[in-house]
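**Q** Contents of upload-v3.pdb (PDB, C-alpha atoms):
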```pdb
ATOM      1  CA  MET A  98     -28.164 141.903 134.304
ATOM      2  CA  ARG A  99     -30.322 141.126 137.299
ATOM      3  CA  ARG A 100     -30.761 137.451 138.289
ATOM      4  CA  SER A 101     -29.524 136.307 134.938
ATOM      5  CA  TRP A 102     -29.232 132.494 135.227
ATOM      6  CA  TRP A 103     -32.797 131.831 134.068
ATOM      7  CA  LYS A 104     -32.424 134.344 131.253
ATOM      8  CA  ILE A 105     -29.410 132.397 129.996
ATOM      9  CA  ALA A 106     -31.412 129.188 130.447
ATOM     10  CA  SER A 107     -34.198 130.681 128.343
ATOM     11  CA  VAL A 108     -31.794 131.551 125.516
ATOM     12  CA  LEU A 109     -30.162 128.113 125.600
ATOM     13  CA  LEU A 110     -33.544 126.356 125.559
ATOM     14  CA  LEU A 111     -34.672 128.495 122.614
ATOM     15  CA  VAL A 112     -31.478 127.855 120.654
ATOM     16  CA  TYR A 113     -32.059 124.137 121.291
ATOM     17  CA  THR A 114     -35.672 124.507 120.151
ATOM     18  CA  PHE A 115     -34.715 126.309 116.955
ATOM     19  CA  THR A 116     -31.981 123.862 115.928
ATOM     20  CA  VAL A 117     -33.311 120.485 117.075
ATOM     21  CA  GLY A 118     -36.859 121.644 116.362
ATOM     22  CA  ILE A 119     -36.028 122.136 112.699
ATOM     23  CA  LEU A 120     -33.397 119.428 112.177
ATOM     24  CA  GLY A 121     -34.618 116.682 114.539
ATOM     25  CA  GLU A 122     -36.572 113.568 113.609
ATOM     26  CA  VAL A 123     -40.348 113.934 113.713
ATOM     27  CA  PRO A 124     -43.093 111.367 113.137
ATOM     28  CA  ARG A 125     -44.272 111.236 109.512
ATOM     29  CA  LEU A 126     -47.931 112.190 109.687
ATOM     30  CA  PRO A 127     -50.315 112.440 106.746
ATOM     31  CA  GLN A 128     -51.538 115.962 105.949
ATOM     32  CA  LEU A 129     -49.387 117.539 108.697
ATOM     33  CA  GLU A 130     -46.035 116.389 107.287
ATOM     34  CA  GLU A 131     -43.210 118.739 108.308
ATOM     35  CA  THR A 132     -45.653 121.257 109.787
ATOM     36  CA  ILE A 133     -45.804 119.127 112.956
ATOM     37  CA  ARG A 134     -42.706 121.140 113.915
ATOM     38  CA  ASN A 135     -45.058 124.065 114.520
ATOM     39  CA  LEU A 136     -45.797 122.257 117.783
ATOM     40  CA  TYR A 137     -42.593 123.813 119.143
ATOM     41  CA  PHE A 138     -43.688 127.323 118.217
ATOM     42  CA  HIS A 139     -47.467 127.725 117.803
ATOM     43  CA  VAL A 140     -48.490 125.534 120.752
ATOM     44  CA  CYS A 141     -45.792 127.024 122.978
ATOM     45  CA  MET A 142     -47.300 130.493 122.451
ATOM     46  CA  TRP A 143     -50.538 129.248 124.049
ATOM     47  CA  PHE A 144     -48.738 127.489 126.882
ATOM     48  CA  ALA A 145     -46.734 130.605 127.685
ATOM     49  CA  MET A 146     -49.931 132.686 127.482
ATOM     50  CA  MET A 147     -51.699 130.408 129.993
ATOM     51  CA  ILE A 148     -48.765 130.508 132.403
ATOM     52  CA  LEU A 149     -48.568 134.315 132.175
ATOM     53  CA  PHE A 150     -52.310 134.672 132.795
ATOM     54  CA  ILE A 151     -51.936 132.438 135.868
ATOM     55  CA  ILE A 152     -49.104 134.651 137.165
ATOM     56  CA  SER A 153     -51.278 137.696 136.432
ATOM     57  CA  VAL A 154     -54.229 136.439 138.471
ATOM     58  CA  VAL A 155     -51.915 135.472 141.353
ATOM     59  CA  HIS A 156     -50.642 139.058 141.441
ATOM     60  CA  ALA A 157     -54.205 140.371 141.265
ATOM     61  CA  ILE A 158     -55.134 138.324 144.338
ATOM     62  CA  LYS A 159     -51.943 139.495 146.032
ATOM     63  CA  TYR A 160     -52.967 143.106 145.365
ATOM     64  CA  LEU A 161     -56.398 142.545 146.880
ATOM     65  CA  ARG A 162     -54.826 140.993 149.981
ATOM     66  CA  THR A 163     -52.084 143.575 150.562
ATOM     67  CA  GLY A 164     -53.103 146.715 148.654
ATOM     68  CA  ASP A 165     -49.557 146.973 147.288
ATOM     69  CA  LEU A 166     -49.567 148.838 143.969
ATOM     70  CA  ARG A 167     -46.483 146.893 142.858
ATOM     71  CA  SER A 168     -48.591 143.734 142.638
ATOM     72  CA  ASP A 169     -51.089 145.691 140.548
ATOM     73  CA  ILE A 170     -48.352 146.704 138.089
ATOM     74  CA  CYS A 171     -47.133 143.074 137.879
ATOM     75  CA  SER A 172     -50.671 141.857 137.287
ATOM     76  CA  ARG A 173     -51.206 144.280 134.408
ATOM     77  CA  GLU A 174     -47.885 143.653 132.652
ATOM     78  CA  TYR A 175     -48.224 139.851 132.829
ATOM     79  CA  ALA A 176     -51.705 140.161 131.318
ATOM     80  CA  VAL A 177     -50.426 142.419 128.507
ATOM     81  CA  VAL A 178     -47.589 140.088 127.496
ATOM     82  CA  GLY A 179     -49.987 137.136 127.795
ATOM     83  CA  ILE A 180     -52.329 138.846 125.344
ATOM     84  CA  ILE A 181     -49.466 139.434 122.902
ATOM     85  CA  LEU A 182     -48.580 135.739 123.071
ATOM     86  CA  GLY A 183     -52.228 134.861 122.501
ATOM     87  CA  ILE A 184     -52.343 137.040 119.379
ATOM     88  CA  LEU A 185     -49.147 135.391 118.129
ATOM     89  CA  GLY A 186     -50.683 131.980 118.818
ATOM     90  CA  TYR A 187     -53.754 132.958 116.823
ATOM     91  CA  ALA A 188     -51.749 134.347 113.909
ATOM     92  CA  THR A 189     -49.458 131.324 113.681
ATOM     93  CA  GLY A 190     -52.461 129.010 113.984
ATOM     94  CA  ALA A 191     -54.106 130.807 111.068
ATOM     95  CA  ILE A 192     -51.052 130.217 108.875
ATOM     96  CA  TRP A 193     -50.721 126.584 109.936
ATOM     97  CA  MET A 194     -54.426 125.899 109.365
ATOM     98  CA  ASN A 195     -54.249 127.458 105.913
ATOM     99  CA  TYR A 196     -51.878 124.721 104.718
ATOM    100  CA  THR A 197     -53.297 121.722 106.582
ATOM    101  CA  TRP A 198     -57.028 121.766 107.443
ATOM    102  CA  ALA A 199     -57.968 124.342 104.828
ATOM    103  CA  ASP A 200     -55.751 122.876 102.105
ATOM    104  CA  PRO A 201     -57.907 122.883  98.938
ATOM    105  CA  ASN A 202     -56.316 119.569  97.928
ATOM    106  CA  ILE A 203     -57.935 117.908 100.924
ATOM    107  CA  PRO A 204     -61.680 118.140 100.349
ATOM    108  CA  ASN A 205     -62.942 116.337 103.469
ATOM    109  CA  ILE A 206     -62.582 119.392 105.752
ATOM    110  CA  THR A 207     -64.863 122.260 104.790
ATOM    111  CA  PHE A 208     -64.865 125.839 105.985
ATOM    112  CA  SER A 209     -67.952 125.253 108.101
ATOM    113  CA  ILE A 210     -66.092 122.588 110.095
ATOM    114  CA  ILE A 211     -63.158 124.931 110.673
ATOM    115  CA  ALA A 212     -65.467 127.798 111.643
ATOM    116  CA  LYS A 213     -67.014 125.589 114.342
ATOM    117  CA  GLU A 214     -63.638 124.651 115.767
ATOM    118  CA  PRO A 215     -64.147 125.050 119.545
ATOM    119  CA  LYS A 216     -60.547 125.999 120.263
ATOM    120  CA  LEU A 217     -60.739 128.961 117.857
ATOM    121  CA  ILE A 218     -63.930 130.235 119.445
ATOM    122  CA  GLY A 219     -62.795 129.539 123.008
ATOM    123  CA  ALA A 220     -59.470 131.296 122.518
ATOM    124  CA  ALA A 221     -61.204 134.245 120.851
ATOM    125  CA  ILE A 222     -63.588 134.596 123.813
ATOM    126  CA  ALA A 223     -60.710 134.400 126.287
ATOM    127  CA  LEU A 224     -58.642 136.988 124.422
ATOM    128  CA  LEU A 225     -61.578 139.380 124.060
ATOM    129  CA  ILE A 226     -62.215 139.164 127.804
ATOM    130  CA  TYR A 227     -58.593 140.087 128.419
ATOM    131  CA  PHE A 228     -58.825 142.962 125.896
ATOM    132  CA  ALA A 229     -61.753 144.228 127.955
ATOM    133  CA  TYR A 230     -59.521 144.014 131.036
ATOM    134  CA  LEU A 231     -57.173 146.577 129.489
ATOM    135  CA  VAL A 232     -60.018 148.792 128.305
ATOM    136  CA  LEU A 233     -61.645 148.743 131.738
ATOM    137  CA  ARG A 234     -58.359 149.347 133.503
ATOM    138  CA  ASP A 235     -57.172 152.262 131.441
ATOM    139  CA  SER A 236     -60.566 153.998 131.569
ATOM    140  CA  ILE A 237     -60.423 154.541 135.338
ATOM    141  CA  GLN A 238     -58.509 157.626 136.491
ATOM    142  CA  ASP A 239     -58.267 157.051 140.242
ATOM    143  CA  ILE A 240     -55.182 154.894 140.932
ATOM    144  CA  ASP A 241     -56.529 152.840 143.838
ATOM    145  CA  LYS A 242     -59.930 152.334 142.275
ATOM    146  CA  LYS A 243     -58.275 151.339 139.006
ATOM    147  CA  ALA A 244     -56.126 148.769 140.779
ATOM    148  CA  ARG A 245     -58.990 147.314 142.801
ATOM    149  CA  VAL A 246     -61.530 147.110 139.971
ATOM    150  CA  SER A 247     -59.040 145.613 137.552
ATOM    151  CA  ALA A 248     -57.819 143.055 140.110
ATOM    152  CA  VAL A 249     -61.382 141.870 140.660
ATOM    153  CA  TYR A 250     -62.002 141.817 136.899
ATOM    154  CA  ASN A 251     -58.772 139.875 136.395
ATOM    155  CA  ILE A 252     -60.085 137.095 138.652
ATOM    156  CA  PHE A 253     -63.340 137.094 136.691
ATOM    157  CA  ALA A 254     -61.430 136.943 133.389
ATOM    158  CA  PHE A 255     -59.377 134.025 134.664
ATOM    159  CA  ALA A 256     -62.555 132.247 135.726
ATOM    160  CA  MET A 257     -63.800 132.619 132.126
ATOM    161  CA  LEU A 258     -60.460 131.480 130.700
ATOM    162  CA  PHE A 259     -60.948 128.099 132.362
ATOM    163  CA  PRO A 260     -64.112 126.955 130.569
ATOM    164  CA  SER A 261     -63.269 128.699 127.291
ATOM    165  CA  ILE A 262     -59.839 127.195 126.697
ATOM    166  CA  TRP A 263     -59.526 124.222 129.043
ATOM    167  CA  ILE A 264     -62.998 122.722 129.367
ATOM    168  CA  LEU A 265     -65.123 123.483 126.273
ATOM    169  CA  PRO A 266     -62.499 122.424 123.677
ATOM    170  CA  ARG A 267     -62.055 119.175 125.601
ATOM    171  CA  VAL A 268     -65.688 118.124 125.522
ATOM    172  CA  LEU A 269     -66.610 119.211 121.989
ATOM    173  CA  PRO A 270     -65.480 117.463 118.808
ATOM    174  CA  SER A 271     -62.435 119.279 117.494
ATOM    175  CA  LEU A 272     -59.925 119.267 114.653
ATOM    176  CA  HIS A 273     -57.181 119.902 117.165
ATOM    177  CA  PRO A 274     -55.665 116.778 118.698
ATOM    178  CA  GLY A 275     -56.990 115.844 122.125
ATOM    179  CA  GLY A 276     -60.549 117.091 121.692
ATOM    180  CA  SER A 277     -62.729 114.726 123.624
ATOM    181  CA  GLU A 278     -60.121 111.977 124.025
ATOM    182  CA  GLY A 279     -57.834 113.694 126.520
ATOM    183  CA  ASN A 280     -54.900 116.069 126.591
ATOM    184  CA  PRO A 281     -52.207 115.004 124.121
ATOM    185  CA  ALA A 282     -49.697 117.640 125.178
ATOM    186  CA  LEU A 283     -49.522 116.474 128.772
ATOM    187  CA  ASP A 284     -50.257 112.787 128.209
ATOM    188  CA  PHE A 285     -46.900 110.992 128.189
ATOM    189  CA  LYS A 286     -48.227 108.014 126.251
ATOM    190  CA  ALA A 287     -50.029 109.856 123.463
ATOM    191  CA  ALA A 288     -47.394 112.313 122.237
ATOM    192  CA  ASP A 289     -44.428 110.951 120.336
ATOM    193  CA  ALA A 290     -41.230 110.794 122.407
ATOM    194  CA  ARG A 291     -39.262 112.583 119.674
ATOM    195  CA  LEU A 292     -41.711 115.481 119.819
ATOM    196  CA  ARG A 293     -41.694 115.647 123.609
ATOM    197  CA  MET A 294     -37.874 115.859 123.628
ATOM    198  CA  VAL A 295     -38.166 119.309 122.064
ATOM    199  CA  PHE A 296     -41.691 120.298 123.065
ATOM    200  CA  TYR A 297     -41.174 120.544 126.826
ATOM    201  CA  PRO A 298     -37.874 122.461 126.622
ATOM    202  CA  ALA A 299     -39.561 124.733 124.055
ATOM    203  CA  ILE A 300     -42.425 125.518 126.457
ATOM    204  CA  ALA A 301     -39.927 126.342 129.200
ATOM    205  CA  GLY A 302     -37.786 128.466 126.897
ATOM    206  CA  TRP A 303     -40.650 130.488 125.435
ATOM    207  CA  THR A 304     -42.248 130.995 128.858
ATOM    208  CA  LEU A 305     -38.993 132.197 130.380
ATOM    209  CA  LEU A 306     -38.479 134.591 127.469
ATOM    210  CA  ALA A 307     -41.996 135.968 127.982
ATOM    211  CA  VAL A 308     -41.351 136.363 131.718
ATOM    212  CA  TRP A 309     -38.085 138.162 130.935
ATOM    213  CA  ILE A 310     -39.857 140.633 128.655
ATOM    214  CA  THR A 311     -42.521 141.134 131.324
ATOM    215  CA  THR A 312     -40.004 141.815 134.078
ATOM    216  CA  ILE A 313     -38.432 144.484 131.883
ATOM    217  CA  LYS A 314     -41.835 146.119 131.391
ATOM    218  CA  ILE A 315     -42.511 145.931 135.138
ATOM    219  CA  ARG A 316     -39.173 147.525 135.999
ATOM    220  CA  ILE A 317     -39.830 150.381 133.562
ATOM    221  CA  ARG A 318     -43.229 150.912 135.269
ATOM    222  CA  TYR A 319     -41.584 150.926 138.703
ATOM    223  CA  ILE A 320     -39.172 153.641 137.588
ATOM    224  CA  LYS A 321     -41.950 155.674 135.949
ATOM    225  CA  ASP A 322     -44.358 155.433 138.899
ATOM    226  CA  LYS A 323     -41.706 155.875 141.570
ATOM    227  CA  SER A 324     -43.364 158.943 143.072
ATOM    228  CA  ILE A 325     -46.650 157.058 143.493
ATOM    229  CA  LEU A 326     -45.097 153.841 144.778
ATOM    230  CA  ASN A 327     -43.005 155.545 147.448
ATOM    231  CA  ALA A 328     -45.778 157.869 148.609
TER     232      ALA A 328
ATOM    233  CA  MET B 160     -19.256 141.042 127.076
ATOM    234  CA  ILE B 161     -21.436 141.492 123.995
ATOM    235  CA  ARG B 162     -18.445 141.524 121.651
ATOM    236  CA  ARG B 163     -17.114 138.351 123.256
ATOM    237  CA  THR B 164     -20.494 136.636 122.858
ATOM    238  CA  LEU B 165     -20.665 137.646 119.204
ATOM    239  CA  THR B 166     -17.171 136.290 118.542
ATOM    240  CA  LEU B 167     -18.135 133.031 120.214
ATOM    241  CA  LEU B 168     -21.281 132.724 118.095
ATOM    242  CA  LEU B 169     -19.363 133.494 114.922
ATOM    243  CA  THR B 170     -16.922 130.717 115.798
ATOM    244  CA  PHE B 171     -19.838 128.311 116.167
ATOM    245  CA  LEU B 172     -21.219 129.304 112.776
ATOM    246  CA  LEU B 173     -17.872 128.900 111.060
ATOM    247  CA  SER B 174     -17.219 125.522 112.650
ATOM    248  CA  THR B 175     -20.389 123.932 111.234
ATOM    249  CA  GLY B 176     -18.534 123.258 107.982
ATOM    250  CA  LEU B 177     -16.153 120.916 109.748
ATOM    251  CA  PHE B 178     -18.809 118.215 110.063
ATOM    252  CA  ALA B 179     -19.205 117.659 106.307
ATOM    253  CA  GLN B 180     -19.416 114.015 105.218
ATOM    254  CA  THR B 181     -17.433 112.190 102.531
ATOM    255  CA  ASP B 182     -18.870 112.393  99.070
ATOM    256  CA  ALA B 183     -20.354 109.119  97.762
ATOM    257  CA  ASN B 184     -19.499 109.890  94.115
ATOM    258  CA  GLY B 185     -15.793 110.169  94.837
ATOM    259  CA  GLN B 186     -15.771 113.884  94.137
ATOM    260  CA  ALA B 187     -13.630 116.342  95.996
ATOM    261  CA  GLU B 188     -14.893 116.631  99.533
ATOM    262  CA  MET B 189     -16.103 120.107 100.238
ATOM    263  CA  ALA B 190     -17.429 121.776 103.378
ATOM    264  CA  ASP B 191     -20.980 121.641 102.071
ATOM    265  CA  LEU B 192     -23.088 121.068 105.169
ATOM    266  CA  MET B 193     -24.951 124.306 104.554
ATOM    267  CA  ARG B 194     -25.797 123.131 101.007
ATOM    268  CA  SER B 195     -27.081 119.638 101.893
ATOM    269  CA  ASN B 196     -30.513 118.353 102.972
ATOM    270  CA  GLY B 197     -32.408 120.841 100.845
ATOM    271  CA  LYS B 198     -30.395 123.671 102.445
ATOM    272  CA  ILE B 199     -32.450 123.423 105.642
ATOM    273  CA  TYR B 200     -29.362 124.391 107.645
ATOM    274  CA  VAL B 201     -29.483 127.806 105.999
ATOM    275  CA  VAL B 202     -32.967 128.280 107.451
ATOM    276  CA  VAL B 203     -31.697 127.228 110.863
ATOM    277  CA  ALA B 204     -28.849 129.747 110.589
ATOM    278  CA  VAL B 205     -31.301 132.501 109.623
ATOM    279  CA  ILE B 206     -33.792 131.867 112.425
ATOM    280  CA  LEU B 207     -30.990 131.493 114.968
ATOM    281  CA  THR B 208     -29.550 134.820 113.835
ATOM    282  CA  ILE B 209     -32.928 136.492 114.301
ATOM    283  CA  LEU B 210     -33.415 134.870 117.705
ATOM    284  CA  LEU B 211     -29.980 135.853 118.923
ATOM    285  CA  GLY B 212     -30.357 139.366 117.551
ATOM    286  CA  LEU B 213     -33.588 139.798 119.483
ATOM    287  CA  VAL B 214     -32.016 138.325 122.631
ATOM    288  CA  LEU B 215     -29.012 140.663 122.430
ATOM    289  CA  TYR B 216     -31.433 143.575 122.038
ATOM    290  CA  LEU B 217     -33.317 142.389 125.125
ATOM    291  CA  VAL B 218     -30.064 142.100 127.078
ATOM    292  CA  ARG B 219     -29.191 145.695 126.169
ATOM    293  CA  ILE B 220     -32.592 146.965 127.337
ATOM    294  CA  ASP B 221     -32.243 144.962 130.546
ATOM    295  CA  ARG B 222     -28.858 146.535 131.295
ATOM    296  CA  LYS B 223     -30.099 150.016 130.489
ATOM    297  CA  ILE B 224     -32.915 149.591 133.015
ATOM    298  CA  SER B 225     -30.470 148.245 135.604
ATOM    299  CA  ARG B 226     -28.450 151.433 135.142
ATOM    300  CA  LEU B 227     -31.594 153.564 135.538
ATOM    301  CA  GLU B 228     -32.517 151.682 138.703
ATOM    302  CA  LYS B 229     -29.076 152.333 140.193
ATOM    303  CA  GLU B 230     -29.212 156.047 139.380
ATOM    304  CA  LYS B 231     -32.012 156.821 141.824
TER     305      LYS B 231
END
```
Let me see whether you can do it: turn the structure in this file into structure tokens.
**A**
Amino acid sequence: MRRSWWKIASVLLLVYTFTVGILGEVPRLPQLEETIRNLYFHVCMWFAMMILFIISVVHAIKYLRTGDLRSDICSREYAVVGIILGILGYATGAIWMNYTWADPNIPNITFSIIAKEPKLIGAAIALLIYFAYLVLRDSIQDIDKKARVSAVYNIFAFAMLFPSIWILPRVLPSLHPGGSEGNPALDFKAADARLRMVFYPAIAGWTLLAVWITTIKIRIRYIKDKSILNA
Amino acid sequence: MIRRTLTLLLTFLLSTGLFAQTDANGQAEMADLMRSNGKIYVVVAVILTILLGLVLYLVRIDRKISRLEKEK
């Protein structure tokens, strides 16, 4: 295996997440109860997605600076795996919400409040913009034009990701923690120490796993497009 | 390498029973860790098995690609 130490680290961090994440002590919160453990899985999907989109835009800029098609391939594959993580984050969030916010036994949260949830709308906008990235990209035949147009679009998509998932949900009232009162995930005082003990390793583990999958996809692309890359 | 890893993991799984606590009711002490705490440990074993299965699959793909890269 190529450069395997961080792959082993990823596996160890995930094993830690899965055992301590399920068995460890968590704060006893009303309504959330044991589902707070979803923090180690659902929230980590979004963190990994954000990190992969950042890597993707860095490669897009690199392509525009150097014209190297390898950077273009990297940019695309990081965006694809980021989108998959985003879909997983959405799906897991839907399940979690179904048993906490939308619990019929808790009447104070209605569907109209959930439907206005800014993080749902923001994440949907961001994901749709990235879907459009793939549609745009794969509809252009010419290789260089495809790479250039999609690199420019990638920067635009990243510029839209910022307000839709980092700014708007922070300024609007939200059911998610850390709406207008700050960022609970990165604020050392707000999040419970027992949660942080697993949460940060979980983010690292999931992100490394996503990067591992992406590097495999990139290497397959390199082999497939060898004739173009070496031309 | 894979077979060695699997053996190692199996050893870990088997050794979990060794940590069983003494029974408060004076009954025969059994290796019942997997049956305590609402059987949550069974869930942990299941999700770890899935995780490790997926990781081993990923490792195999990774090695296959390494071989392809060396070929040309």
**Q** Could you tell me how far atom CA of A:Tyr113 lies from atom CA of A:Ala307, in Å and to one decimal?
**A**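 According to the coordinates, atom CA of A:Tyr113 and atom CA of A:Ala307 are separated by 16.8 Å.
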**Q** Using all atoms listed in the file, find the residues of chain A whose closest atom to chain B is at most 9 Å away, then write them as a PyMOL selection string.
**A** chain A and resi 98-99+108+111-112+115-116+119-120+306+309-310+313+316-317+320
**Q** Hey, can you check how far atom CA of A:Lys243 sits from atom CA of A:Thr311?
**A**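 One can read the atom CA of A:Lys243 to atom CA of A:Thr311 distance as 20.3 Å.
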**Q** Rounded to one decimal place, report the atom CA of A:Met194-atom CA of A:Met142 distance in Å.
**A** 15.6 Å
**Q** Counting all atoms listed in the file, note down every residue that has an atom within 10 Å of the point (-53.2, 123.1, 109.0) (file coordinates), as a PyMOL selection string.
**A** chain A and resi 128-130+132-133+135+190-200+272-273
**Q** Find the axis-aligned box for stretch 302-310 of chain A, covering all its listed atoms and adding 8 Å on each side, and write its centre and edge lengths in Å to one decimal as JSON.
**A**
```
{"center_x": -40.0, "center_y": 134.5, "center_z": 128.6, "size_x": 20.5, "size_y": 28.2, "size_z": 22.3}
```
**Q** Apply the PyMOL selection byres ((chain A and resi 187) around 12) to the structure shown and report the selected residues as a PDB file with C-alpha atoms, in the coordinates of the input.
**A**
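Saved as selection.pdb:
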```pdb
ATOM      1  CA  PHE A 138     -43.688 127.323 118.217  1.00  0.00           C
ATOM      2  CA  HIS A 139     -47.467 127.725 117.803  1.00  0.00           C
ATOM      3  CA  VAL A 140     -48.490 125.534 120.752  1.00  0.00           C
ATOM      4  CA  CYS A 141     -45.792 127.024 122.978  1.00  0.00           C
ATOM      5  CA  MET A 142     -47.300 130.493 122.451  1.00  0.00           C
ATOM      6  CA  TRP A 143     -50.538 129.248 124.049  1.00  0.00           C
ATOM      7  CA  MET A 146     -49.931 132.686 127.482  1.00  0.00           C
ATOM      8  CA  ILE A 180     -52.329 138.846 125.344  1.00  0.00           C
ATOM      9  CA  ILE A 181     -49.466 139.434 122.902  1.00  0.00           C
ATOM     10  CA  LEU A 182     -48.580 135.739 123.071  1.00  0.00           C
ATOM     11  CA  GLY A 183     -52.228 134.861 122.501  1.00  0.00           C
ATOM     12  CA  ILE A 184     -52.343 137.040 119.379  1.00  0.00           C
ATOM     13  CA  LEU A 185     -49.147 135.391 118.129  1.00  0.00           C
ATOM     14  CA  GLY A 186     -50.683 131.980 118.818  1.00  0.00           C
ATOM     15  CA  ALA A 188     -51.749 134.347 113.909  1.00  0.00           C
ATOM     16  CA  THR A 189     -49.458 131.324 113.681  1.00  0.00           C
ATOM     17  CA  GLY A 190     -52.461 129.010 113.984  1.00  0.00           C
ATOM     18  CA  ALA A 191     -54.106 130.807 111.068  1.00  0.00           C
ATOM     19  CA  ILE A 192     -51.052 130.217 108.875  1.00  0.00           C
ATOM     20  CA  TRP A 193     -50.721 126.584 109.936  1.00  0.00           C
ATOM     21  CA  MET A 194     -54.426 125.899 109.365  1.00  0.00           C
ATOM     22  CA  LYS A 216     -60.547 125.999 120.263  1.00  0.00           C
ATOM     23  CA  LEU A 217     -60.739 128.961 117.857  1.00  0.00           C
ATOM     24  CA  ILE A 218     -63.930 130.235 119.445  1.00  0.00           C
ATOM     25  CA  GLY A 219     -62.795 129.539 123.008  1.00  0.00           C
ATOM     26  CA  ALA A 220     -59.470 131.296 122.518  1.00  0.00           C
ATOM     27  CA  ALA A 221     -61.204 134.245 120.851  1.00  0.00           C
ATOM     28  CA  ALA A 223     -60.710 134.400 126.287  1.00  0.00           C
ATOM     29  CA  LEU A 224     -58.642 136.988 124.422  1.00  0.00           C
TER      30      LEU A 224
END
```
**Q** So that I can see what lies close to A:Leu166, please list as a CSV table (one decimal) with C-alpha atoms, keeping the file's coordinate frame the residues with an atom at most 9 Å from it, counting all atoms listed in the file and leaving out residues fewer than 2 positions away in the same chain.
**A**
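Output file selection_26.csv is given in full below:
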```csv
chain,number,residue,atom,x,y,z
A,160,TYR,CA,-53.0,143.1,145.4
A,163,THR,CA,-52.1,143.6,150.6
A,164,GLY,CA,-53.1,146.7,148.7
A,168,SER,CA,-48.6,143.7,142.6
A,169,ASP,CA,-51.1,145.7,140.5
A,170,ILE,CA,-48.4,146.7,138.1
A,171,CYS,CA,-47.1,143.1,137.9
A,240,ILE,CA,-55.2,154.9,140.9
A,241,ASP,CA,-56.5,152.8,143.8
A,244,ALA,CA,-56.1,148.8,140.8
A,325,ILE,CA,-46.6,157.1,143.5
A,326,LEU,CA,-45.1,153.8,144.8
```
**Q** Compile the contact shell of A:Ala145 as a list in words: residues with an atom at most 7 Å away, counting all atoms listed in the file, same-chain residues fewer than 3 positions apart removed.
**A**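 Returned residues: Cys141, Met142, Ile148, Leu149, Ile300, Trp303 and Thr304 of chain A.
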**Q** Specify as a ChimeraX atom specification each residue included when the PyMOL selection byres ((chain A and resi 249) around 10) is applied to this file.
**A** /A:154,157-158,160-161,244-248,250-254
**Q** Kindly export the residues of the current selection with C-alpha atoms, as a PDB file, keeping the file's coordinate frame.
**A**
```pdb
ATOM      1  CA  VAL A 154     -54.229 136.439 138.471  1.00  0.00           C
ATOM      2  CA  ALA A 157     -54.205 140.371 141.265  1.00  0.00           C
ATOM      3  CA  ILE A 158     -55.134 138.324 144.338  1.00  0.00           C
ATOM      4  CA  TYR A 160     -52.967 143.106 145.365  1.00  0.00           C
ATOM      5  CA  LEU A 161     -56.398 142.545 146.880  1.00  0.00           C
ATOM      6  CA  ALA A 244     -56.126 148.769 140.779  1.00  0.00           C
ATOM      7  CA  ARG A 245     -58.990 147.314 142.801  1.00  0.00           C
ATOM      8  CA  VAL A 246     -61.530 147.110 139.971  1.00  0.00           C
ATOM      9  CA  SER A 247     -59.040 145.613 137.552  1.00  0.00           C
ATOM     10  CA  ALA A 248     -57.819 143.055 140.110  1.00  0.00           C
ATOM     11  CA  TYR A 250     -62.002 141.817 136.899  1.00  0.00           C
ATOM     12  CA  ASN A 251     -58.772 139.875 136.395  1.00  0.00           C
ATOM     13  CA  ILE A 252     -60.085 137.095 138.652  1.00  0.00           C
ATOM     14  CA  PHE A 253     -63.340 137.094 136.691  1.00  0.00           C
ATOM     15  CA  ALA A 254     -61.430 136.943 133.389  1.00  0.00           C
TER      16      ALA A 254
END
```
**Q** Which residue out of A:Ala256, A:Arg167, A:Leu109, A:Met147 has the minimum interatomic distance to A:Tyr319 when only C-alpha atoms are used?
**A**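 Residue with the minimum atom-to-atom distance to A:Tyr319: A:Arg167.
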**Q** So which residues touch A:Tyr230 within 9 Å, counting all atoms listed in the file, skipping near sequence neighbours fewer than 2 positions away, as an mmCIF file with C-alpha atoms, in the coordinates of the input?
**A**
```cif
data_model
loop_
_atom_site.group_PDB
_atom_site.id
_atom_site.type_symbol
_atom_site.label_atom_id
_atom_site.label_comp_id
_atom_site.auth_asym_id
_atom_site.auth_seq_id
_atom_site.Cartn_x
_atom_site.Cartn_y
_atom_site.Cartn_z
ATOM 1 C CA ARG A 173 -51.206 144.280 134.408
ATOM 2 C CA ALA A 176 -51.705 140.161 131.318
ATOM 3 C CA LEU A 225 -61.578 139.380 124.060
ATOM 4 C CA ILE A 226 -62.215 139.164 127.804
ATOM 5 C CA TYR A 227 -58.593 140.087 128.419
ATOM 6 C CA PHE A 228 -58.825 142.962 125.896
ATOM 7 C CA VAL A 232 -60.018 148.792 128.305
ATOM 8 C CA LEU A 233 -61.645 148.743 131.738
ATOM 9 C CA ARG A 234 -58.359 149.347 133.503
ATOM 10 C CA ASP A 235 -57.172 152.262 131.441
ATOM 11 C CA SER A 247 -59.040 145.613 137.552
ATOM 12 C CA TYR A 250 -62.002 141.817 136.899
ATOM 13 C CA ASN A 251 -58.772 139.875 136.395
ATOM 14 C CA ALA A 254 -61.430 136.943 133.389
#
```
